[in-house]
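Raw structure24.pdb, PDB, C-alpha atoms:
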```pdb
ATOM      1  CA  PRO L   1      99.494 110.960  61.199
ATOM      2  CA  PRO L   2      97.103 108.377  62.727
ATOM      3  CA  PRO L   3      99.997 106.320  64.235
ATOM      4  CA  LEU L   4     101.137 109.391  66.167
ATOM      5  CA  LEU L   5      97.592 110.008  67.405
ATOM      6  CA  PHE L   6      97.220 106.337  68.404
ATOM      7  CA  SER L   7     100.518 106.310  70.323
ATOM      8  CA  THR L   8      99.602 109.575  72.078
ATOM      9  CA  ILE L   9      96.266 108.101  73.189
ATOM     10  CA  LEU L  10      97.925 104.831  74.224
ATOM     11  CA  PHE L  11     100.581 106.482  76.406
ATOM     12  CA  SER L  12      98.095 108.979  77.835
ATOM     13  CA  GLY L  13      95.832 106.090  78.798
ATOM     14  CA  CYS L  14      98.704 104.290  80.551
ATOM     15  CA  ALA L  15      99.518 107.405  82.551
ATOM     16  CA  LEU L  16      95.865 107.772  83.567
ATOM     17  CA  VAL L  17      95.665 104.138  84.675
ATOM     18  CA  THR L  18      98.913 104.480  86.669
ATOM     19  CA  ASP L  19      97.785 107.764  88.252
ATOM     20  CA  GLU L  20      94.392 106.277  89.122
ATOM     21  CA  TYR L  21      96.045 103.192  90.647
ATOM     22  CA  GLN L  22      98.336 105.398  92.766
ATOM     23  CA  ALA L  23      95.397 107.542  93.901
ATOM     24  CA  ASN L  24      93.289 104.493  94.803
ATOM     25  CA  GLN L  25      96.174 102.770  96.605
ATOM     26  CA  ARG L  26      96.907 105.935  98.581
ATOM     27  CA  LYS L  27      93.238 106.047  99.652
ATOM     28  CA  VAL L  28      93.370 102.421 100.859
ATOM     29  CA  ILE L  29      96.689 102.910 102.635
ATOM     30  CA  ALA L  30      95.537 106.224 104.108
ATOM     31  CA  TYR L  31      92.443 104.483 105.492
ATOM     32  CA  LEU L  32      94.316 101.471 106.853
ATOM     33  CA  LEU L  33      97.405 103.316 108.079
ATOM     34  CA  GLU L  34      95.894 106.710 108.706
ATOM     35  CA  ASP L  35      98.271 107.456 111.581
ATOM     36  CA  PHE L  36     101.511 106.524 109.825
ATOM     37  CA  PRO L  37     103.297 109.172 107.728
ATOM     38  CA  LEU L  38     104.279 108.491 104.115
ATOM     39  CA  PRO L  39     106.523 110.802 102.081
ATOM     40  CA  SER L  40     104.386 112.949  99.766
ATOM     41  CA  ASP L  41     106.454 112.081  96.683
ATOM     42  CA  ALA L  42     106.483 108.330  97.339
ATOM     43  CA  GLU L  43     104.970 106.018  94.754
ATOM     44  CA  ILE L  44     103.559 102.640  95.698
ATOM     45  CA  VAL L  45     105.122  99.646  93.956
ATOM     46  CA  LYS L  46     102.105  97.575  93.001
ATOM     47  CA  ALA L  47     103.178  93.918  92.992
ATOM     48  CA  PRO L  48     104.931  93.326  96.334
ATOM     49  CA  THR L  49     102.619  95.513  98.456
ATOM     50  CA  VAL L  50     100.455  93.383 100.767
ATOM     51  CA  LEU L  51      97.933  94.617 103.322
ATOM     52  CA  LEU L  52      95.997  92.248 105.565
ATOM     53  CA  GLY L  53      93.356  92.836 108.202
ATOM     54  CA  THR L  54      90.567  95.248 108.923
ATOM     55  CA  GLY L  55      89.938  98.149 111.254
ATOM     56  CA  GLU L  56      92.857  98.536 113.627
ATOM     57  CA  ALA L  57      94.192  94.964 113.184
ATOM     58  CA  ILE L  58      96.326  95.829 110.168
ATOM     59  CA  SER L  59      99.392  93.914 109.125
ATOM     60  CA  GLY L  60     101.200  94.166 105.865
ATOM     61  CA  ARG L  61     104.061  95.386 103.784
ATOM     62  CA  ILE L  62     104.119  98.489 101.645
ATOM     63  CA  ILE L  63     106.826  99.016  99.041
ATOM     64  CA  LEU L  64     107.471 102.609  97.995
ATOM     65  CA  THR L  65     109.904 104.471  95.795
ATOM     66  CA  SER L  66     110.804 108.041  96.602
ATOM     67  CA  GLY L  67     112.747 110.695  94.740
ATOM     68  CA  TYR L  68     114.270 111.793  98.039
ATOM     69  CA  SER L  69     117.590 110.323  99.179
ATOM     70  CA  PRO L  70     117.719 107.837 102.065
ATOM     71  CA  ALA L  71     119.094 110.623 104.308
ATOM     72  CA  GLU L  72     116.186 112.934 103.392
ATOM     73  CA  ASN L  73     113.688 110.140 104.088
ATOM     74  CA  LEU L  74     115.412 109.463 107.436
ATOM     75  CA  ILE L  75     114.917 113.124 108.342
ATOM     76  CA  PHE L  76     111.275 112.928 107.165
ATOM     77  CA  TYR L  77     110.520 109.970 109.444
ATOM     78  CA  GLY L  78     112.498 111.500 112.312
ATOM     79  CA  ASN L  79     110.325 114.623 112.099
ATOM     80  CA  GLN L  80     106.931 113.147 111.181
ATOM     81  CA  THR L  81     106.472 109.955 113.219
ATOM     82  CA  PRO L  82     106.635 111.497 116.724
ATOM     83  CA  SER L  83     103.818 113.918 115.840
ATOM     84  CA  THR L  84     101.574 110.931 115.001
ATOM     85  CA  GLY L  85     102.319 109.104 118.261
ATOM     86  CA  TRP L  86     104.796 106.535 116.929
ATOM     87  CA  ILE L  87     107.843 106.024 119.171
ATOM     88  CA  LEU L  88     111.275 105.081 117.831
ATOM     89  CA  ALA L  89     112.298 101.756 119.418
ATOM     90  CA  SER L  90     115.397 100.950 117.370
ATOM     91  CA  SER L  91     117.454 102.341 114.527
ATOM     92  CA  LYS L  92     120.445 101.451 112.393
ATOM     93  CA  VAL L  93     121.764 104.140 110.098
ATOM     94  CA  GLY L  94     124.336 103.571 107.390
ATOM     95  CA  GLU L  95     124.066 103.181 103.638
ATOM     96  CA  GLU L  96     120.901 101.229 104.444
ATOM     97  CA  ILE L  97     118.578 102.557 107.140
ATOM     98  CA  SER L  98     116.423 100.464 109.472
ATOM     99  CA  LEU L  99     113.931 102.093 111.810
ATOM    100  CA  ILE L 100     111.488 100.362 114.147
ATOM    101  CA  TYR L 101     108.589 102.287 115.640
ATOM    102  CA  THR L 102     105.886 101.223 118.105
ATOM    103  CA  LYS L 103     102.429 102.541 118.873
ATOM    104  CA  ASP L 104      99.600 100.931 120.849
ATOM    105  CA  GLY L 105     101.192  97.476 120.607
ATOM    106  CA  ARG L 106     101.777  97.775 116.856
ATOM    107  CA  TYR L 107     105.213  97.621 115.299
ATOM    108  CA  ALA L 108     106.304  99.360 112.135
ATOM    109  CA  SER L 109     109.660  98.664 110.552
ATOM    110  CA  ILE L 110     110.981 100.983 107.879
ATOM    111  CA  TYR L 111     113.823  99.830 105.666
ATOM    112  CA  ILE L 112     115.284 102.528 103.393
ATOM    113  CA  THR L 113     117.895 101.812 100.731
ATOM    114  CA  PRO L 114     119.344 103.820  97.854
ATOM    115  CA  LYS L 115     117.293 103.306  94.707
ATOM    116  CA  THR L 116     118.643 100.436  92.650
ATOM    117  CA  GLY L 117     118.414  99.370  89.040
ATOM    118  CA  LEU L 118     119.838 100.329  85.694
ATOM    119  CA  GLY L 119     117.367 103.203  85.257
ATOM    120  CA  SER L 120     118.546 104.822  88.495
ATOM    121  CA  PHE L 121     122.186 104.389  87.508
ATOM    122  CA  VAL L 122     121.681 105.892  84.036
ATOM    123  CA  SER L 123     119.563 108.815  85.256
ATOM    124  CA  GLY L 124     121.824 109.516  88.250
ATOM    125  CA  SER L 125     118.814 109.324  90.566
ATOM    126  CA  TRP L 126     119.556 109.545  94.271
ATOM    127  CA  GLY L 127     116.122 108.338  95.320
ATOM    128  CA  SER L 128     115.138 105.653  97.800
ATOM    129  CA  ASP L 129     113.400 102.319  97.925
ATOM    130  CA  ILE L 130     111.338 102.080 101.111
ATOM    131  CA  ILE L 131     109.819  98.956 102.644
ATOM    132  CA  ILE L 132     107.362  99.524 105.473
ATOM    133  CA  SER L 133     106.066  96.518 107.409
ATOM    134  CA  VAL L 134     103.360  97.000 110.025
ATOM    135  CA  VAL L 135     102.296  94.291 112.456
ATOM    136  CA  HIS L 136      99.320  94.487 114.792
ATOM    137  CA  PRO L 137      99.602  92.618 118.111
ATOM    138  CA  ASP L 138      96.494  90.543 117.292
ATOM    139  CA  ALA L 139      97.949  89.459 113.924
ATOM    140  CA  ILE L 140      99.898  86.579 115.493
ATOM    141  CA  ASP L 141      97.750  84.298 117.622
ATOM    142  CA  LEU L 142      99.981  81.244 118.113
ATOM    143  CA  GLN L 143     103.607  81.914 118.977
ATOM    144  CA  ASN L 144     104.673  78.404 117.967
ATOM    145  CA  PRO L 145     102.216  76.828 115.497
ATOM    146  CA  TYR L 146     104.511  73.789 115.139
ATOM    147  CA  GLU L 147     104.597  72.908 118.835
ATOM    148  CA  ASP L 148     102.152  69.982 118.497
ATOM    149  CA  LEU L 149     103.604  68.732 115.220
ATOM    150  CA  ASN L 150     104.170  64.977 115.216
ATOM    151  CA  TYR L 151     107.625  64.563 113.685
ATOM    152  CA  ASP L 152     107.208  60.762 113.440
ATOM    153  CA  ASN L 153     104.483  61.149 110.781
ATOM    154  CA  LEU L 154     106.462  63.453 108.500
ATOM    155  CA  PRO L 155     107.767  61.983 105.218
ATOM    156  CA  GLU L 156     111.486  61.269 105.114
ATOM    157  CA  VAL L 157     113.662  63.717 103.232
ATOM    158  CA  PRO L 158     116.148  61.976 100.902
TER
END
```
When written as structure tokens, how does the structure in this file appear?
Amino acid sequence: PPPLLFSTILFSGCALVTDEYQANQRKVIAYLLEDFPLPSDAEIVKAPTVLLGTGEAISGRIILTSGYSPAENLIFYGNQTPSTGWILASSKVGEEISLIYTKDGRYASIYITPKTGLGSFVSGSWGSDIIISVVHPDAIDLQNPYEDLNYDNLPEVP
């Protein structure tokens, strides 16, 4: 059964690549956001995750999926963030959860929603999609970059 052997190797290889990607991404995120808690079961969604900056001047967006419900992730962040020095500045809790934390001039917004998609519906998964955006105070230099824009020289819009 060579086709069976080939498919076993192919799918095993995909799992290894995915696991290695997750491990490497967690190392990068752990280095850049070492003081911000992430649920242990959360998996990083590769494409929309963006991290910018170096050292302590980190800004970016991390997209995660978690097998825990939005309520369980709310409890996780409620318990874990204070122990790392992050302070809750604002929250909105409903079907969708928005949390904003601050620490040393940085802002972190956490947006938690029930997992979406056909796969979640079919499997009956009660997991969460989590978007974490972190902004460092030095990430935005000009508050209004368009202040000196000369509107007379702009092309006309039909």
Exercise. Hey, what's within 12 Å of Asn79 (chain L) if we count only C-alpha atoms and toss same-chain stuff fewer than 6 positions away? As an NGL selection string, please?
Worked result: :L and (37-39 or 72-73 or 85-88)
Can you spell out as a PDB file with C-alpha atoms, in the coordinates of the input the set of residues that the PyMOL selection byres ((chain L and resi 70) around 7) selects in the structure I just provided?
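Heads up, here's the output in expr.pdb:
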```
ATOM      1  CA  TYR L  68     114.270 111.793  98.039  1.00  0.00           C
ATOM      2  CA  SER L  69     117.590 110.323  99.179  1.00  0.00           C
ATOM      3  CA  ALA L  71     119.094 110.623 104.308  1.00  0.00           C
ATOM      4  CA  GLU L  72     116.186 112.934 103.392  1.00  0.00           C
ATOM      5  CA  ASN L  73     113.688 110.140 104.088  1.00  0.00           C
ATOM      6  CA  LEU L  74     115.412 109.463 107.436  1.00  0.00           C
ATOM      7  CA  ILE L 112     115.284 102.528 103.393  1.00  0.00           C
ATOM      8  CA  THR L 113     117.895 101.812 100.731  1.00  0.00           C
ATOM      9  CA  PRO L 114     119.344 103.820  97.854  1.00  0.00           C
ATOM     10  CA  GLY L 127     116.122 108.338  95.320  1.00  0.00           C
ATOM     11  CA  SER L 128     115.138 105.653  97.800  1.00  0.00           C
TER      12      SER L 128
END
```
Exercise. What is the CA of Ser83 (chain L) to CA of Tyr101 (chain L) distance in Å?
Worked result: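 According to the coordinates, CA of Ser83 (chain L) and CA of Tyr101 (chain L) are separated by 12.6 Å.
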Exercise. Between L:Asp41, L:Thr81, L:Glu156, L:Ile62, which is the closest to Tyr111 (chain L) once you count only C-alpha atoms?
Worked result: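 Looking at the shortest contact to Tyr111 (chain L), the residue is L:Ile62.
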Seminar exercise, completed: Students should find that CA of Trp126 (chain L) and CA of Glu96 (chain L) are spaced 13.2 Å
Exercise. CA of Val134 (chain L) and CA of Gly105 (chain L), how far apart in Å?
Worked result: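 These two atoms are separated by 10.8 Å.
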Target residues per the PyMOL selection byres ((chain L and resi 98) around 6), formatted as a PDB file with C-alpha atoms, keeping the file's coordinate frame:
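Final output, result.pdb:
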```pdb
ATOM      1  CA  SER L  91     117.454 102.341 114.527  1.00  0.00           C
ATOM      2  CA  LYS L  92     120.445 101.451 112.393  1.00  0.00           C
ATOM      3  CA  ILE L  97     118.578 102.557 107.140  1.00  0.00           C
ATOM      4  CA  LEU L  99     113.931 102.093 111.810  1.00  0.00           C
ATOM      5  CA  ILE L 110     110.981 100.983 107.879  1.00  0.00           C
ATOM      6  CA  TYR L 111     113.823  99.830 105.666  1.00  0.00           C
TER       7      TYR L 111
END
```
For this session: Determine, counting all atoms listed in the file, which protein, DNA and RNA residues have an atom within 12 Å of an atom of Asp104 (chain L); residues of the same chain fewer than 2 positions away are not included. Present the result as a PyMOL selection string.
Result: chain L and resi 35+56-57+84-87+101-102+106-108+135-138
Include C-alpha atoms and write out the residues we just selected as a PDB file, in the frame of the given file.
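out-v4.pdb written:
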```
ATOM      1  CA  ASP L  35      98.271 107.456 111.581  1.00  0.00           C
ATOM      2  CA  GLU L  56      92.857  98.536 113.627  1.00  0.00           C
ATOM      3  CA  ALA L  57      94.192  94.964 113.184  1.00  0.00           C
ATOM      4  CA  THR L  84     101.574 110.931 115.001  1.00  0.00           C
ATOM      5  CA  GLY L  85     102.319 109.104 118.261  1.00  0.00           C
ATOM      6  CA  TRP L  86     104.796 106.535 116.929  1.00  0.00           C
ATOM      7  CA  ILE L  87     107.843 106.024 119.171  1.00  0.00           C
ATOM      8  CA  TYR L 101     108.589 102.287 115.640  1.00  0.00           C
ATOM      9  CA  THR L 102     105.886 101.223 118.105  1.00  0.00           C
ATOM     10  CA  ARG L 106     101.777  97.775 116.856  1.00  0.00           C
ATOM     11  CA  TYR L 107     105.213  97.621 115.299  1.00  0.00           C
ATOM     12  CA  ALA L 108     106.304  99.360 112.135  1.00  0.00           C
ATOM     13  CA  VAL L 135     102.296  94.291 112.456  1.00  0.00           C
ATOM     14  CA  HIS L 136      99.320  94.487 114.792  1.00  0.00           C
ATOM     15  CA  PRO L 137      99.602  92.618 118.111  1.00  0.00           C
ATOM     16  CA  ASP L 138      96.494  90.543 117.292  1.00  0.00           C
TER      17      ASP L 138
END
```
